[in-house]
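Here the structure comes first, spelled out in structure tokens, and everything after it is commentary.
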Amino acid sequence: MIERAMGADPKGVAAEPLFGGDPEVVRPVGRGETFPLFALGVIFAFASLAVCYHRGFVLLYGDAVAHLAIARRIFDARYPGLAQLGGVWLPLPHLLMVPFVRDMTMWQTGLAGAPMSMLSYAASVAGIWRLARRLMRQRWALVATAFYALNPNLLYLATTAMTEAVFLALFVWTIVATMEGIAAMRANVPVVARARMMLAGFLIMGQVFTRYDGWIFGAAVWCCFAYAWWNSVPEMKARLRTWFVVFTIIVAAGPLLWFWYNHHFAGDWLDFMRGPYSAKQIERRTAPPGQHYRGWHNPAWALLFYTRTAQIDAAAWEMGFVAMYASLWAMWVSLKAKGSGSRGQGSGLRVQNAESMQPLRSDVKLGLLLWVPLPFYVYSVAYGSVPIFIPQLWPHAYYNARYGMEMLPVLAIYTALAAEMLEQWLRGRSDAWAVTSAKLWPKVALALCALNCVGMMVRTPLVLKEAMVNARTRMALEKALAFEMETLPYDEPVMMSTTDHVGAVQVAGRDLKSMISEGDEQSWEWGLADPAKYAAFVIAIGNDRVAQAVKEHPQGLTEISVVCTSGQPCAKVYQSTTWKPAGH
């Protein structure tokens, strides 16, 4: 039982090698199984980076540009420090990029975000393998891992400064740690149980500081450990009591620290929910008066938009429907199975030895954690002011399509489970065609994973397409504005709002501390009150706050150029006739 729970002999006997042992046994990974998948993930990530960098895809997402700028501001600002992290986007990804974004070239090219995302992608691939090995036979665990690792949307995100790759790695490994920890509790192995519980706690804290999905998911994982600990044998319960309290403190510390941070630096402990840069306020500013996106306060439409997005993110053509329906069916069959290790005769699986032929019943139930993003995003779309637009549904636009990527792990795992159930059903028949089909089916499934990857790349993956469409006009303006900024003295302050177009500063290669912007609140407020006094040059874009300040305080400002591009408001550059360097 201990070997089955943890994947290794407690006496130190080596576990079965990679792709070795009985192919019909469902067991945890053996020693040496996880690292080769991580190494393969690193190779895939480097290949993806080579393609995306060569084609100029790395900085397509405006959010990626903004994440890099936040990381840079921590040390490159008029008032550097942790206050530059802001109060809406969570801080962990920005902190992970700090060692790389210090280099101007890595910042300008966007490569500063690549190490974080590439390693996270590789870790998530290894985590999917480790998770799948607990739930299905080795050949089908390979199919699940291939379906996940070869997803072009994920491969693209693995090269950018976006947060999805980091979150998915933390998400998958938290489930792995939870399964292994609870299995160790039931196998009466307290050393392993407490180690996995502590690991899960720190992984949850990482998620809490990466994406808000992690807050709900962390609460769900805590409930799983609390239930398992409370129902463990008295001796185990006593030995783990202190560790469970520590685990609880770790889980709770993340949200509490973020509440404190918002209160300390923004004056409102819920600034991330109701402040000027929160999703609710952004939706109010951008939506037409009296109108809302489809799905607003409508859970049914929200469910449709999110599940359809997840399908398109996961599979080519209309195969996403197949993956979603197969996953739901596999989940249902797995849950209704009877016995401690069986998925049940009704699934078509042979139940010859429930301790070796089938996963632990606790692992099957804990697999439901993979579905947590579904209710979270349905609620977020319906009641959290988080719209999702995809070209397949009205209004046929692109916005937040990458959110469907949070469903990729569950679709990879449960689609492979459904395929495994089909194989076992075929094996239960005596017909010649069924026997032949059962032998070929795993190989065909692997080929379909590769074909799915090729099909998605041929038609341009949805996440990449969204980035390309939304970047066209933004990048054109930022490049044109950067060309203008390169003519300005680098040692003189430039006042400009960097909320939407910090990419212009990035392309121009200016230090952020040479800018007067929202990141440095005191200088920003002074500048808005008297632009000509505090800035040598002023750049107003459209009707932003700088443009309003220029309109209200035009004294001492001379317009020297106007930058206009298609689809974006014009940028006007002013020179101050009254600004003087400090000390003059």
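Letters for chains follow the order of the structure tokens (A, B, ...), residue numbers begin at 1 for each chain, and ligand numbers begin at 1 in the order shown.
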
Sorted by chain and rising residue number, which residues of range 139-251 of chain A lie within 8 Å of range 403-406 of chain A, and what are their closest atom pairs and distances in Å to one decimal, counting only C-alpha atoms, as CSV?
residue,atom,partner,partner_atom,distance
A:Asn153,CA,A:Met405,CA,7.9
A:Leu154,CA,A:Met405,CA,7.5
A:Glu164,CA,A:Met405,CA,7.5
A:Leu168,CA,A:Glu406,CA,6.9

With N, CA and C atoms kept, could you save the residues just selected as a short mmCIF file (atom, residue, chain, number, x, y, z; two decimals), in the first residue's frame?
data_model
loop_
_atom_site.label_atom_id
_atom_site.label_comp_id
_atom_site.auth_asym_id
_atom_site.auth_seq_id
_atom_site.Cartn_x
_atom_site.Cartn_y
_atom_site.Cartn_z
N ASN A 153 -1.07 26.87 -28.14
CA ASN A 153 -1.36 28.05 -27.32
C ASN A 153 -0.45 28.09 -26.10
N LEU A 154 -0.28 26.93 -25.46
CA LEU A 154 0.58 26.87 -24.28
C LEU A 154 2.04 27.08 -24.66
N GLU A 164 0.05 32.77 -17.34
CA GLU A 164 -0.65 31.47 -17.45
C GLU A 164 0.28 30.28 -17.23
N LEU A 168 -0.27 27.51 -14.27
CA LEU A 168 -0.55 26.12 -14.60
C LEU A 168 0.45 25.18 -13.93
#

- request: May I ask for the distance between CA of Leu557 in chain A and CA of Glu486 in chain A, given in Å to one decimal place?
  value: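 Those two atoms sit 19.7 Å apart.
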
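Considering only C-alpha atoms, the residue among A:Met475, A:Ala382, A:Ala195, A:Leu135 positioned nearest to Leu303 in chain A is A:Ala382.
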
- prompt: When distances are computed from only C-alpha atoms, which of A:Gly519, A:Gly56, A:Gly567, A:Gly509 shows the smallest separation from Leu82 in chain A?
  reply: A:Gly519

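Take the candidates A:Lys465, A:Trp229, A:Ala529, A:Val494 and check each one against His553 in chain A using only C-alpha atoms; the shortest distance goes to A:Ala529.
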
- request: Quick one: pull the distance between CA of Arg474 in chain A and CA of Tyr61 in chain A, Å, one decimal.
  value: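 Separating CA of Arg474 in chain A from CA of Tyr61 in chain A is a distance of 9.8 Å.
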
Tell me, counting only C-alpha atoms, for each residue of range 496-522 of chain A within 12 Å of range 110-132 of chain A, which pair of atoms is nearest and how far apart they are in Å to one decimal, in rows ordered by chain and increasing number, as a Markdown table.
| residue | atom | partner | partner_atom | distance |
| --- | --- | --- | --- | --- |
| A:Gly503 | CA | A:Gly110 | CA | 10.4 |
| A:Gln506 | CA | A:Gly110 | CA | 9.4 |
| A:Val507 | CA | A:Gly110 | CA | 10.2 |

Take the residues from that selection and write them out as a compact mmCIF listing (two decimals), in the first residue's frame, keeping N, CA, C and O atoms.
# COMPACT_ATOMS: atom_id res chain seq x y z
N GLY A 503 4.95 50.40 -23.74
CA GLY A 503 5.78 49.77 -24.76
C GLY A 503 6.59 50.77 -25.55
O GLY A 503 7.67 50.44 -26.06
N GLN A 506 9.66 51.26 -23.64
CA GLN A 506 10.46 50.05 -23.77
C GLN A 506 11.20 50.00 -25.10
O GLN A 506 12.40 49.74 -25.15
N VAL A 507 10.50 50.28 -26.18
CA VAL A 507 11.13 50.25 -27.51
C VAL A 507 12.19 51.34 -27.64
O VAL A 507 13.26 51.12 -28.23

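Using only C-alpha atoms, the shortest contact distance between Phe272 in chain A and any of A:Asp544, A:Val25, A:Val143, A:Val88 is found at A:Val88.
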
- prompt: Would you give me, as a PyMOL selection string, the residues in range 270-457 of chain A that DSSP reads as helix (DSSP H, G or I)?
  reply: chain A and resi 271-274+279-286+299-314+319-336+345-347+361-371+373-383+401-427+432-457

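Of the residues under consideration (A:Pro234, A:Gly254, A:Pro554, A:Gly428), A:Gly254 shows the shortest atom-to-atom contact distance to Ile204 in chain A when counting only C-alpha atoms.
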
message: Report, in Å to a single decimal, how far apart CA of Gln108 in chain A and CA of Leu155 in chain A are.
response: 21.2 Å
